[in-house]
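A.B. asks: Sharing model03.pdb below, PDB, C-alpha atoms and all ligand atoms:
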ATOM      1  CA  MET A   1       7.715 -55.437   9.861
ATOM      2  CA  ASP A   2       4.913 -55.845   7.362
ATOM      3  CA  LEU A   3       1.801 -57.117   9.119
ATOM      4  CA  LEU A   4       0.146 -58.081   5.851
ATOM      5  CA  PRO A   5       0.344 -61.794   5.060
ATOM      6  CA  GLU A   6       2.661 -62.611   2.163
ATOM      7  CA  ASN A   7       1.181 -63.501  -1.201
ATOM      8  CA  MET A   8      -2.102 -61.644  -0.721
ATOM      9  CA  VAL A   9      -1.858 -61.332  -4.502
ATOM     10  CA  GLN A  10       0.671 -62.625  -6.996
ATOM     11  CA  LEU A  11       2.660 -59.594  -8.080
ATOM     12  CA  SER A  12       5.062 -61.666 -10.185
ATOM     13  CA  ALA A  13       2.134 -62.507 -12.498
ATOM     14  CA  ALA A  14       1.872 -58.852 -13.574
ATOM     15  CA  VAL A  15       3.868 -59.248 -16.764
ATOM     16  CA  THR A  16       4.650 -56.501 -19.246
ATOM     17  CA  GLN A  17       3.221 -57.656 -22.562
ATOM     18  CA  PRO A  18       4.317 -56.023 -25.822
ATOM     19  CA  LEU A  19       1.602 -55.795 -28.478
ATOM     20  CA  GLN A  20       2.364 -56.749 -32.050
ATOM     21  CA  LEU A  21      -0.277 -55.036 -34.154
ATOM     22  CA  THR A  22       0.201 -53.904 -37.745
ATOM     23  CA  LEU A  23      -1.220 -50.532 -36.772
ATOM     24  CA  LEU A  24       1.658 -50.023 -34.330
ATOM     25  CA  HIS A  25       4.313 -50.846 -36.918
ATOM     26  CA  THR A  26       2.823 -48.545 -39.539
ATOM     27  CA  HIS A  27       2.704 -45.660 -37.037
ATOM     28  CA  GLY A  28       6.138 -46.362 -35.554
ATOM     29  CA  ILE A  29       4.755 -46.808 -32.033
ATOM     30  CA  ALA A  30       5.695 -49.364 -29.378
ATOM     31  CA  LEU A  31       2.936 -50.371 -26.956
ATOM     32  CA  ASP A  32       3.378 -52.510 -23.864
ATOM     33  CA  VAL A  33       0.588 -53.543 -21.521
ATOM     34  CA  LEU A  34       1.202 -53.895 -17.790
ATOM     35  CA  ARG A  35      -1.078 -56.788 -16.889
ATOM     36  CA  LEU A  36      -2.290 -55.929 -13.396
ATOM     37  CA  ASP A  37      -5.386 -57.993 -14.182
ATOM     38  CA  LYS A  38      -3.253 -61.091 -13.598
ATOM     39  CA  ILE A  39      -2.316 -60.528  -9.959
ATOM     40  CA  ASP A  40      -5.563 -61.997  -8.598
ATOM     41  CA  PRO A  41      -9.001 -62.862  -9.968
ATOM     42  CA  VAL A  42     -10.856 -61.026  -7.171
ATOM     43  CA  ILE A  43      -8.462 -58.445  -5.654
ATOM     44  CA  SER A  44      -7.959 -57.366  -9.183
ATOM     45  CA  GLY A  45      -5.658 -54.844 -10.795
ATOM     46  CA  ASN A  46      -5.295 -51.408  -9.358
ATOM     47  CA  LYS A  47      -7.680 -52.140  -6.475
ATOM     48  CA  TRP A  48      -5.023 -54.125  -4.628
ATOM     49  CA  PHE A  49      -2.531 -51.286  -4.838
ATOM     50  CA  LYS A  50      -5.027 -48.748  -3.532
ATOM     51  CA  LEU A  51      -6.091 -51.029  -0.682
ATOM     52  CA  GLN A  52      -2.737 -52.177   0.625
ATOM     53  CA  TYR A  53      -1.936 -49.217   2.885
ATOM     54  CA  TYR A  54      -5.460 -49.118   4.282
ATOM     55  CA  LEU A  55      -5.064 -52.791   5.225
ATOM     56  CA  ARG A  56      -1.675 -52.156   6.780
ATOM     57  CA  SER A  57      -2.997 -49.291   8.860
ATOM     58  CA  ALA A  58      -5.929 -51.404  10.073
ATOM     59  CA  LEU A  59      -3.541 -54.157  11.169
ATOM     60  CA  GLU A  60      -1.135 -51.701  12.798
ATOM     61  CA  ASN A  61      -3.972 -50.043  14.714
ATOM     62  CA  GLY A  62      -5.390 -53.360  15.815
ATOM     63  CA  GLN A  63      -8.675 -52.746  14.010
ATOM     64  CA  GLN A  64     -10.574 -55.919  13.188
ATOM     65  CA  HIS A  65     -12.999 -54.632  10.604
ATOM     66  CA  LEU A  66     -12.830 -52.806   7.304
ATOM     67  CA  LEU A  67     -15.759 -50.724   6.127
ATOM     68  CA  THR A  68     -16.143 -49.315   2.666
ATOM     69  CA  PHE A  69     -18.665 -48.227   0.033
ATOM     70  CA  GLY A  70     -19.700 -49.216  -3.467
ATOM     71  CA  GLY A  71     -22.419 -49.941  -6.008
ATOM     72  CA  ALA A  72     -23.822 -53.324  -7.028
ATOM     73  CA  TRP A  73     -21.028 -53.968  -9.557
ATOM     74  CA  SER A  74     -18.172 -52.339  -7.645
ATOM     75  CA  ASN A  75     -14.734 -53.850  -8.272
ATOM     76  CA  HIS A  76     -13.561 -52.068  -5.137
ATOM     77  CA  LEU A  77     -16.202 -53.617  -2.884
ATOM     78  CA  VAL A  78     -15.462 -57.189  -3.899
ATOM     79  CA  ALA A  79     -11.689 -56.597  -3.768
ATOM     80  CA  THR A  80     -12.047 -55.241  -0.224
ATOM     81  CA  ALA A  81     -14.109 -58.266   0.840
ATOM     82  CA  CYS A  82     -11.494 -60.704  -0.450
ATOM     83  CA  ALA A  83      -8.495 -58.746   0.824
ATOM     84  CA  ALA A  84     -10.056 -58.411   4.279
ATOM     85  CA  LYS A  85     -10.671 -62.144   4.509
ATOM     86  CA  LYS A  86      -7.113 -62.993   3.445
ATOM     87  CA  ALA A  87      -5.737 -60.538   6.007
ATOM     88  CA  GLY A  88      -7.858 -62.029   8.796
ATOM     89  CA  LEU A  89     -10.196 -59.042   9.056
ATOM     90  CA  SER A  90     -13.944 -58.822   8.694
ATOM     91  CA  SER A  91     -15.562 -56.425   6.268
ATOM     92  CA  ILE A  92     -18.693 -54.332   5.935
ATOM     93  CA  GLY A  93     -19.881 -52.976   2.596
ATOM     94  CA  ILE A  94     -22.218 -49.977   2.464
ATOM     95  CA  VAL A  95     -24.036 -50.536  -0.825
ATOM     96  CA  ARG A  96     -25.751 -47.815  -2.826
ATOM     97  CA  GLY A  97     -29.512 -48.344  -3.299
ATOM     98  CA  GLU A  98     -32.267 -50.584  -1.942
ATOM     99  CA  GLN A  99     -31.529 -54.275  -1.636
ATOM    100  CA  PRO A 100     -32.563 -55.888  -4.942
ATOM    101  CA  VAL A 101     -34.493 -59.154  -5.088
ATOM    102  CA  VAL A 102     -31.635 -60.774  -7.002
ATOM    103  CA  LEU A 103     -28.139 -59.789  -5.940
ATOM    104  CA  SER A 104     -25.519 -59.013  -8.590
ATOM    105  CA  ALA A 105     -22.720 -61.510  -9.147
ATOM    106  CA  THR A 106     -20.371 -58.959  -7.566
ATOM    107  CA  LEU A 107     -22.394 -58.718  -4.362
ATOM    108  CA  ARG A 108     -22.774 -62.491  -4.156
ATOM    109  CA  THR A 109     -19.000 -62.852  -4.420
ATOM    110  CA  ALA A 110     -18.519 -60.197  -1.736
ATOM    111  CA  ILE A 111     -20.810 -62.169   0.569
ATOM    112  CA  GLU A 112     -18.884 -65.367  -0.198
ATOM    113  CA  TRP A 113     -15.761 -63.586   1.026
ATOM    114  CA  GLY A 114     -17.551 -62.807   4.255
ATOM    115  CA  MET A 115     -18.596 -59.212   3.667
ATOM    116  CA  GLN A 116     -21.616 -57.962   5.558
ATOM    117  CA  LEU A 117     -23.670 -55.852   3.169
ATOM    118  CA  VAL A 118     -25.704 -52.864   4.310
ATOM    119  CA  PHE A 119     -27.982 -51.378   1.663
ATOM    120  CA  VAL A 120     -28.690 -47.661   1.982
ATOM    121  CA  ARG A 121     -30.787 -45.243  -0.055
ATOM    122  CA  ARG A 122     -28.901 -43.047  -2.513
ATOM    123  CA  GLU A 123     -29.392 -39.901  -0.393
ATOM    124  CA  VAL A 124     -27.718 -41.679   2.506
ATOM    125  CA  TYR A 125     -24.994 -43.197   0.339
ATOM    126  CA  ASN A 126     -24.146 -39.777  -1.044
ATOM    127  CA  GLN A 127     -23.087 -38.677   2.442
ATOM    128  CA  LYS A 128     -20.193 -41.129   2.300
ATOM    129  CA  ASN A 129     -17.563 -38.391   2.532
ATOM    130  CA  ASP A 130     -19.408 -36.384   5.175
ATOM    131  CA  PRO A 131     -17.470 -36.428   8.499
ATOM    132  CA  ALA A 132     -20.647 -36.639  10.605
ATOM    133  CA  PHE A 133     -21.855 -39.674   8.660
ATOM    134  CA  ILE A 134     -18.419 -41.300   8.898
ATOM    135  CA  GLU A 135     -18.442 -40.718  12.656
ATOM    136  CA  GLN A 136     -21.867 -42.331  12.924
ATOM    137  CA  LEU A 137     -20.673 -45.369  10.948
ATOM    138  CA  ALA A 138     -17.593 -45.640  13.158
ATOM    139  CA  ARG A 139     -19.749 -45.783  16.274
ATOM    140  CA  THR A 140     -22.312 -48.181  14.790
ATOM    141  CA  TYR A 141     -19.770 -50.668  13.453
ATOM    142  CA  HIS A 142     -17.228 -50.817  16.296
ATOM    143  CA  HIS A 143     -14.633 -48.399  14.922
ATOM    144  CA  PRO A 144     -13.621 -50.118  11.721
ATOM    145  CA  CYS A 145     -10.938 -48.893   9.371
ATOM    146  CA  ILE A 146     -13.070 -46.830   6.986
ATOM    147  CA  ILE A 147     -11.852 -46.866   3.392
ATOM    148  CA  PRO A 148     -13.253 -44.200   1.067
ATOM    149  CA  ALA A 149     -15.198 -45.439  -1.978
ATOM    150  CA  GLY A 150     -12.911 -46.652  -4.743
ATOM    151  CA  GLY A 151      -9.943 -46.743  -2.340
ATOM    152  CA  GLU A 152      -9.266 -43.080  -2.951
ATOM    153  CA  GLY A 153      -7.395 -40.780  -0.577
ATOM    154  CA  GLU A 154      -3.780 -40.394   0.428
ATOM    155  CA  ALA A 155      -3.183 -44.065   1.272
ATOM    156  CA  GLY A 156      -4.736 -45.088  -2.043
ATOM    157  CA  ILE A 157      -2.445 -42.780  -4.014
ATOM    158  CA  LYS A 158       0.611 -43.966  -2.092
ATOM    159  CA  GLY A 159      -0.256 -47.569  -2.906
ATOM    160  CA  ALA A 160      -0.953 -46.847  -6.576
ATOM    161  CA  ALA A 161       2.448 -45.170  -6.869
ATOM    162  CA  GLU A 162       4.035 -48.606  -6.377
ATOM    163  CA  ILE A 163       2.566 -49.969  -9.612
ATOM    164  CA  LEU A 164       5.387 -48.668 -11.793
ATOM    165  CA  ARG A 165       7.929 -50.724  -9.823
ATOM    166  CA  LEU A 166       6.593 -53.804 -11.593
ATOM    167  CA  THR A 167       8.151 -52.862 -14.897
ATOM    168  CA  ASN A 168      11.073 -50.988 -16.396
ATOM    169  CA  SER A 169       8.927 -47.882 -16.334
ATOM    170  CA  SER A 170      11.481 -45.170 -17.143
ATOM    171  CA  TYR A 171      11.715 -46.540 -20.681
ATOM    172  CA  TYR A 172       8.264 -45.247 -21.703
ATOM    173  CA  SER A 173       7.360 -41.848 -23.145
ATOM    174  CA  HIS A 174       3.651 -42.166 -22.264
ATOM    175  CA  ILE A 175       1.871 -43.910 -19.394
ATOM    176  CA  ILE A 176      -1.852 -44.358 -19.975
ATOM    177  CA  CYS A 177      -4.681 -45.503 -17.696
ATOM    178  CA  ALA A 178      -8.429 -45.468 -17.175
ATOM    179  CA  VAL A 179      -9.776 -42.911 -14.687
ATOM    180  CA  GLY A 180     -12.596 -43.370 -12.175
ATOM    181  CA  THR A 181     -11.749 -41.411  -9.039
ATOM    182  CA  GLY A 182      -8.321 -40.490 -10.466
ATOM    183  CA  THR A 183      -6.444 -42.175  -7.613
ATOM    184  CA  LEU A 184      -4.613 -44.548  -9.942
ATOM    185  CA  LEU A 185      -3.601 -41.687 -12.223
ATOM    186  CA  ALA A 186      -2.393 -39.646  -9.242
ATOM    187  CA  GLY A 187      -0.221 -42.520  -8.027
ATOM    188  CA  LEU A 188       1.249 -43.083 -11.480
ATOM    189  CA  THR A 189       1.956 -39.380 -11.824
ATOM    190  CA  LEU A 190       3.821 -39.275  -8.514
ATOM    191  CA  ALA A 191       5.939 -42.276  -9.521
ATOM    192  CA  SER A 192       6.646 -41.078 -13.063
ATOM    193  CA  GLN A 193       9.650 -39.130 -14.306
ATOM    194  CA  PRO A 194       9.940 -35.625 -15.786
ATOM    195  CA  HIS A 195      10.397 -36.911 -19.352
ATOM    196  CA  GLN A 196       7.123 -38.821 -19.280
ATOM    197  CA  GLN A 197       3.604 -37.843 -20.269
ATOM    198  CA  LEU A 198       0.597 -39.275 -18.446
ATOM    199  CA  MET A 199      -2.741 -39.794 -20.077
ATOM    200  CA  GLY A 200      -5.999 -40.487 -18.287
ATOM    201  CA  ILE A 201      -9.127 -41.760 -19.999
ATOM    202  CA  PRO A 202     -12.116 -40.943 -17.743
ATOM    203  CA  VAL A 203     -14.909 -43.496 -17.903
ATOM    204  CA  LEU A 204     -17.423 -41.048 -16.443
ATOM    205  CA  LYS A 205     -19.092 -38.135 -18.128
ATOM    206  CA  GLY A 206     -18.040 -34.618 -17.210
ATOM    207  CA  PHE A 207     -14.587 -35.409 -15.849
ATOM    208  CA  HIS A 208     -12.654 -32.288 -16.823
ATOM    209  CA  HIS A 209     -11.076 -30.619 -13.835
ATOM    210  CA  TRP A 210      -8.658 -32.962 -12.205
ATOM    211  CA  ARG A 211      -6.651 -31.153  -9.532
ATOM    212  CA  PRO A 212      -5.584 -33.527  -6.785
ATOM    213  CA  ALA A 213      -3.963 -31.723  -3.886
ATOM    214  CA  ASP A 214      -1.066 -34.174  -3.838
ATOM    215  CA  ILE A 215       0.214 -33.337  -7.333
ATOM    216  CA  SER A 216       2.429 -30.306  -7.885
ATOM    217  CA  GLY A 217       1.859 -27.881 -10.749
ATOM    218  CA  ALA A 218       4.971 -29.079 -12.584
ATOM    219  CA  ASN A 219       3.728 -32.657 -12.475
ATOM    220  CA  LEU A 220       0.209 -31.647 -13.488
ATOM    221  CA  LYS A 221       1.577 -30.164 -16.711
ATOM    222  CA  ARG A 222       2.540 -33.670 -17.824
ATOM    223  CA  VAL A 223      -0.950 -35.049 -17.251
ATOM    224  CA  HIS A 224      -3.464 -35.079 -20.080
ATOM    225  CA  ILE A 225      -7.092 -35.908 -19.405
ATOM    226  CA  LEU A 226      -9.063 -36.971 -22.474
ATOM    227  CA  PRO A 227     -12.670 -36.503 -21.335
ATOM    228  CA  ASP A 228     -14.552 -37.621 -24.456
ATOM    229  CA  HIS A 229     -13.933 -41.374 -24.430
ATOM    230  CA  HIS A 230     -16.571 -42.497 -21.925
ATOM    231  CA  PHE A 231     -19.060 -44.073 -24.375
ATOM    232  CA  GLY A 232     -22.005 -42.224 -22.867
ATOM    233  CA  GLY A 233     -21.037 -42.389 -19.194
ATOM    234  CA  TYR A 234     -20.134 -44.713 -16.362
ATOM    235  CA  ALA A 235     -20.855 -48.383 -17.180
ATOM    236  CA  LYS A 236     -22.540 -47.348 -20.442
ATOM    237  CA  LYS A 237     -21.540 -49.395 -23.464
ATOM    238  CA  THR A 238     -22.083 -49.725 -27.183
ATOM    239  CA  GLU A 239     -22.054 -52.755 -29.447
ATOM    240  CA  ALA A 240     -18.975 -51.292 -31.126
ATOM    241  CA  LEU A 241     -17.147 -51.306 -27.786
ATOM    242  CA  LEU A 242     -18.014 -54.956 -27.091
ATOM    243  CA  ASP A 243     -17.029 -55.941 -30.654
ATOM    244  CA  PHE A 244     -13.726 -54.121 -30.192
ATOM    245  CA  MET A 245     -13.066 -56.015 -26.947
ATOM    246  CA  ASN A 246     -13.661 -59.328 -28.721
ATOM    247  CA  GLY A 247     -11.354 -58.286 -31.567
ATOM    248  CA  LEU A 248      -8.615 -57.194 -29.173
ATOM    249  CA  TYR A 249      -8.825 -60.502 -27.375
ATOM    250  CA  LYS A 250      -8.591 -62.435 -30.650
ATOM    251  CA  GLU A 251      -5.508 -60.534 -31.764
ATOM    252  CA  THR A 252      -3.627 -60.201 -28.468
ATOM    253  CA  GLY A 253      -5.143 -62.616 -25.947
ATOM    254  CA  ILE A 254      -5.902 -59.674 -23.646
ATOM    255  CA  PRO A 255      -9.319 -59.722 -21.977
ATOM    256  CA  THR A 256     -10.751 -56.317 -21.014
ATOM    257  CA  ASP A 257     -13.813 -55.125 -19.078
ATOM    258  CA  PHE A 258     -16.456 -52.872 -20.589
ATOM    259  CA  VAL A 259     -16.487 -50.343 -17.721
ATOM    260  CA  TYR A 260     -12.804 -49.356 -17.663
ATOM    261  CA  THR A 261     -10.165 -51.133 -19.687
ATOM    262  CA  GLY A 262     -12.253 -51.762 -22.824
ATOM    263  CA  LYS A 263     -12.758 -47.997 -23.121
ATOM    264  CA  LEU A 264      -9.090 -47.443 -22.346
ATOM    265  CA  PHE A 265      -7.791 -49.730 -25.097
ATOM    266  CA  PHE A 266     -10.391 -48.543 -27.595
ATOM    267  CA  SER A 267      -9.282 -44.946 -26.984
ATOM    268  CA  VAL A 268      -5.569 -45.697 -27.234
ATOM    269  CA  ILE A 269      -5.963 -47.521 -30.552
ATOM    270  CA  ASP A 270      -8.206 -44.723 -31.830
ATOM    271  CA  LEU A 271      -5.641 -42.074 -30.836
ATOM    272  CA  ILE A 272      -2.874 -43.993 -32.604
ATOM    273  CA  LYS A 273      -4.996 -44.127 -35.778
ATOM    274  CA  LYS A 274      -5.477 -40.350 -35.508
ATOM    275  CA  ASN A 275      -1.695 -39.794 -35.208
ATOM    276  CA  TYR A 276      -2.024 -38.408 -31.682
ATOM    277  CA  PHE A 277       1.358 -39.837 -30.643
ATOM    278  CA  PRO A 278       4.621 -38.811 -32.325
ATOM    279  CA  THR A 279       6.454 -41.660 -34.101
ATOM    280  CA  GLN A 280       8.972 -43.428 -31.851
ATOM    281  CA  SER A 281       6.642 -43.039 -28.869
ATOM    282  CA  SER A 282       6.721 -45.935 -26.446
ATOM    283  CA  LEU A 283       3.448 -46.378 -24.615
ATOM    284  CA  LEU A 284       2.783 -48.193 -21.369
ATOM    285  CA  VAL A 285      -0.906 -48.997 -21.011
ATOM    286  CA  ILE A 286      -1.984 -50.028 -17.514
ATOM    287  CA  HIS A 287      -4.421 -52.935 -17.567
ATOM    288  CA  SER A 288      -6.116 -52.169 -14.273
ATOM    289  CA  GLY A 289      -8.167 -55.384 -14.074
ATOM    290  CA  GLY A 290     -11.894 -55.309 -13.335
ATOM    291  CA  LEU A 291     -12.862 -58.293 -15.469
ATOM    292  CA  GLN A 292     -15.497 -59.457 -12.984
ATOM    293  CA  GLY A 293     -17.702 -56.550 -14.087
ATOM    294  CA  ASN A 294     -18.307 -58.355 -17.388
ATOM    295  CA  ASP A 295     -20.552 -60.790 -15.503
ATOM    296  CA  SER A 296     -23.353 -58.259 -15.934
ATOM    297  CA  LEU A 297     -23.312 -58.843 -19.723
ATOM    298  CA  PRO A 298     -25.509 -61.445 -21.441
ATOM    299  CA  PRO A 299     -23.697 -64.803 -21.465
ATOM    300  CA  GLY A 300     -21.785 -65.362 -24.706
ATOM    301  CA  ARG A 301     -21.599 -61.690 -25.727
ATOM    302  CA  LEU A 302     -17.847 -61.745 -25.094
ATOM    303  CA  ILE A 303     -15.682 -64.553 -26.433
ATOM    304  CA  PHE A 304     -13.536 -64.712 -23.277
TER     305      PHE A 304
HETATM  306  C1  LIG B 401     -11.523 -48.736 -10.133
HETATM  307  C2  LIG B 401     -10.923 -49.003 -11.462
HETATM  308  C3  LIG B 401     -10.272 -47.997 -12.204
HETATM  309  C4  LIG B 401     -10.241 -46.561 -11.784
HETATM  310  O1  LIG B 401      -9.345 -46.288 -10.772
HETATM  311  P1  LIG B 401      -9.365 -44.864 -10.052
HETATM  312  O2  LIG B 401      -8.204 -44.923  -9.160
HETATM  313  O3  LIG B 401     -10.665 -44.794  -9.284
HETATM  314  O4  LIG B 401      -9.294 -43.804 -11.072
HETATM  315  C5  LIG B 401      -9.685 -48.347 -13.409
HETATM  316  N1  LIG B 401      -9.756 -49.607 -13.867
HETATM  317  C6  LIG B 401     -10.385 -50.585 -13.213
HETATM  318  C7  LIG B 401     -10.451 -51.937 -13.822
HETATM  319  C8  LIG B 401     -10.986 -50.323 -11.986
HETATM  320  O5  LIG B 401     -11.643 -51.304 -11.341
END
Show me this structure written as structure tokens.

C.D. replies:
Amino acid sequence: MDLLPENMVQLSAAVTQPLQLTLLHTHGIALDVLRLDKIDPVISGNKWFKLQYYLRSALENGQQHLLTFGGAWSNHLVATACAAKKAGLSSIGIVRGEQPVVLSATLRTAIEWGMQLVFVRREVYNQKNDPAFIEQLARTYHHPCIIPAGGEGEAGIKGAAEILRLTNSSYYSHIICAVGTGTLLAGLTLASQPHQQLMGIPVLKGFHHWRPADISGANLKRVHILPDHHFGGYAKKTEALLDFMNGLYKETGIPTDFVYTGKLFFSVIDLIKKNYFPTQSSLLVIHSGGLQGNDSLPPGRLIF
């Protein structure tokens, strides 16, 4: 029996949307977008998939609290807060850095969903994968279910592997997503088929060597990491990127975020222009959500 309440998110809203752009016709490419951004405004996109098995294990083990980690604009933190509340659990967020005078919109939303925030200095935060630190947190916070930052780890990958069930995925020659921790990409890779190529667009600088233990060598050969599309690094942006996001929205009605999916779509369109994909390719681009991060932009900069 599934202990998770039904309708935590609305999976049926995750439509597959074909794009009709002149560029696609002239290059002989089909491009569909899997709209995971639509499943929930707060437990957005890929974050739900990575969280679901952590939530299930907490409920199965009778744990009443979730504890996880994130920065001031973390999609994962706010998703965890909302998911915990809906599942009848309480949540604790270990936040990187000193408590600011004015909280970010993300942290305010997390608090609204009942999350207790604990601000820690960067040196402390950076111990978040250290077993001794984890043990100390477990004792301090009454043995919560501790979810690694970004929902990574085995349970996160297992959950992300379920994303491709939402569409007729075997049809596509390429499956493309943004990469933070690489958990989403790992899940997609596990669920993909031998005739398919996977492409990951890292949004951080210096993301070259991606070797998750869970992925076999044969599967890894089908994965292509394109490390030069990060626009200067994590959460860095350019005016050209924001203009592109506005243009994409005008032409397709698809809103994107500047941290992940804006960079993803910009890169895919750029690669098509540069004839990266053979004609007749059919691309599935994963819209992994994250729109709440745009709240850090000046009001009015984006048209959506
Ligand atoms: C967290 C996030 C990602 C990255 O997922 P990983 O599994 O960490 O690689 C991609 N897109 C959005 C919108 C996200 O919030």

A.B. asks: I want to know what sits within 8 Å of segment 93-104 of chain A, based on only C-alpha atoms, with residues of the same chain fewer than 4 positions away left out; could you give that as a compact mmCIF listing (two decimals) with C-alpha atoms, in the frame of the given file?

C.D. replies:
# COMPACT_ATOMS: atom_id res chain seq x y z
CA LEU A 67 -15.76 -50.72 6.13
CA THR A 68 -16.14 -49.32 2.67
CA PHE A 69 -18.66 -48.23 0.03
CA GLY A 70 -19.70 -49.22 -3.47
CA GLY A 71 -22.42 -49.94 -6.01
CA ALA A 72 -23.82 -53.32 -7.03
CA TRP A 73 -21.03 -53.97 -9.56
CA LEU A 77 -16.20 -53.62 -2.88
CA ARG A 108 -22.77 -62.49 -4.16
CA MET A 115 -18.60 -59.21 3.67
CA GLN A 116 -21.62 -57.96 5.56
CA LEU A 117 -23.67 -55.85 3.17
CA VAL A 118 -25.70 -52.86 4.31
CA PHE A 119 -27.98 -51.38 1.66
CA VAL A 120 -28.69 -47.66 1.98
CA ARG A 121 -30.79 -45.24 -0.06
CA ARG A 122 -28.90 -43.05 -2.51
CA TYR A 125 -24.99 -43.20 0.34
CA SER A 296 -23.35 -58.26 -15.93

A.B. asks: List as a VMD selection string the protein and nucleic acid residues near Arg211 of chain A, meaning an atom at most 10 Å away when only C-alpha atoms are counted, but skip any in the same chain fewer than 6 places from it.

C.D. replies: chain A and resid 182 186 217 220

A.B. asks: Enumerate as an MDAnalysis selection string the residues within 9 Å of ligand LIG 401 (chain B), counting all atoms listed in the file.

C.D. replies: chainID A and resid 37 44:47 50 74:76 149:152 156:157 160 177:187 200 202:203 256:257 259:261 264 286:291 293

A.B. asks: Given the file shown, determine the residues that the PyMOL selection byres (((chain A and resi 226-234) around 6) and not hetatm) selects; report them as a PyMOL selection string.

C.D. replies: chain A and resi 201-205+207+225+235-237

A.B. asks: Could you save the residues just selected, with C-alpha atoms, as a PDB file, in the frame of the given file?

C.D. replies:
ATOM      1  CA  ILE A 201      -9.127 -41.760 -19.999  1.00  0.00           C
ATOM      2  CA  PRO A 202     -12.116 -40.943 -17.743  1.00  0.00           C
ATOM      3  CA  VAL A 203     -14.909 -43.496 -17.903  1.00  0.00           C
ATOM      4  CA  LEU A 204     -17.423 -41.048 -16.443  1.00  0.00           C
ATOM      5  CA  LYS A 205     -19.092 -38.135 -18.128  1.00  0.00           C
ATOM      6  CA  PHE A 207     -14.587 -35.409 -15.849  1.00  0.00           C
ATOM      7  CA  ILE A 225      -7.092 -35.908 -19.405  1.00  0.00           C
ATOM      8  CA  ALA A 235     -20.855 -48.383 -17.180  1.00  0.00           C
ATOM      9  CA  LYS A 236     -22.540 -47.348 -20.442  1.00  0.00           C
ATOM     10  CA  LYS A 237     -21.540 -49.395 -23.464  1.00  0.00           C
TER      11      LYS A 237
END

A.B. asks: I'd like the residues picked by the PyMOL selection byres (((chain A and resi 284) around 8) and not hetatm) written out as a ChimeraX atom specification, using the chain letters and numbers from the file.

C.D. replies: /A:31-34,169,172,174-176,282-283,285-286

A.B. asks: Expand the PyMOL selection byres (((chain A and resi 197) around 8) and not hetatm) into the explicit residue set it covers here, and present it as a PDB file with C-alpha atoms, in the frame of the given file.

C.D. replies:
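Contents of the output file part_9.pdb:
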ATOM      1  CA  SER A 173       7.360 -41.848 -23.145  1.00  0.00           C
ATOM      2  CA  HIS A 174       3.651 -42.166 -22.264  1.00  0.00           C
ATOM      3  CA  ILE A 175       1.871 -43.910 -19.394  1.00  0.00           C
ATOM      4  CA  HIS A 195      10.397 -36.911 -19.352  1.00  0.00           C
ATOM      5  CA  GLN A 196       7.123 -38.821 -19.280  1.00  0.00           C
ATOM      6  CA  LEU A 198       0.597 -39.275 -18.446  1.00  0.00           C
ATOM      7  CA  MET A 199      -2.741 -39.794 -20.077  1.00  0.00           C
ATOM      8  CA  ARG A 222       2.540 -33.670 -17.824  1.00  0.00           C
ATOM      9  CA  VAL A 223      -0.950 -35.049 -17.251  1.00  0.00           C
ATOM     10  CA  HIS A 224      -3.464 -35.079 -20.080  1.00  0.00           C
TER      11      HIS A 224
END

A.B. asks: Find, counting all atoms listed in the file, the residue in A:Leu107, A:Leu271, A:Ala58, A:Cys82 that gets nearest to Asp295 of chain A.

C.D. replies: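 Closest to Asp295 of chain A, using all atoms listed in the file: A:Leu107.
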
A.B. asks: Could you tell me which of A:Gly62, A:Pro18, A:Pro5, A:Gly153 comes closest to Lys85 of chain A if we count only C-alpha atoms?

C.D. replies: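 Closest residue, counting only C-alpha atoms: A:Pro5.
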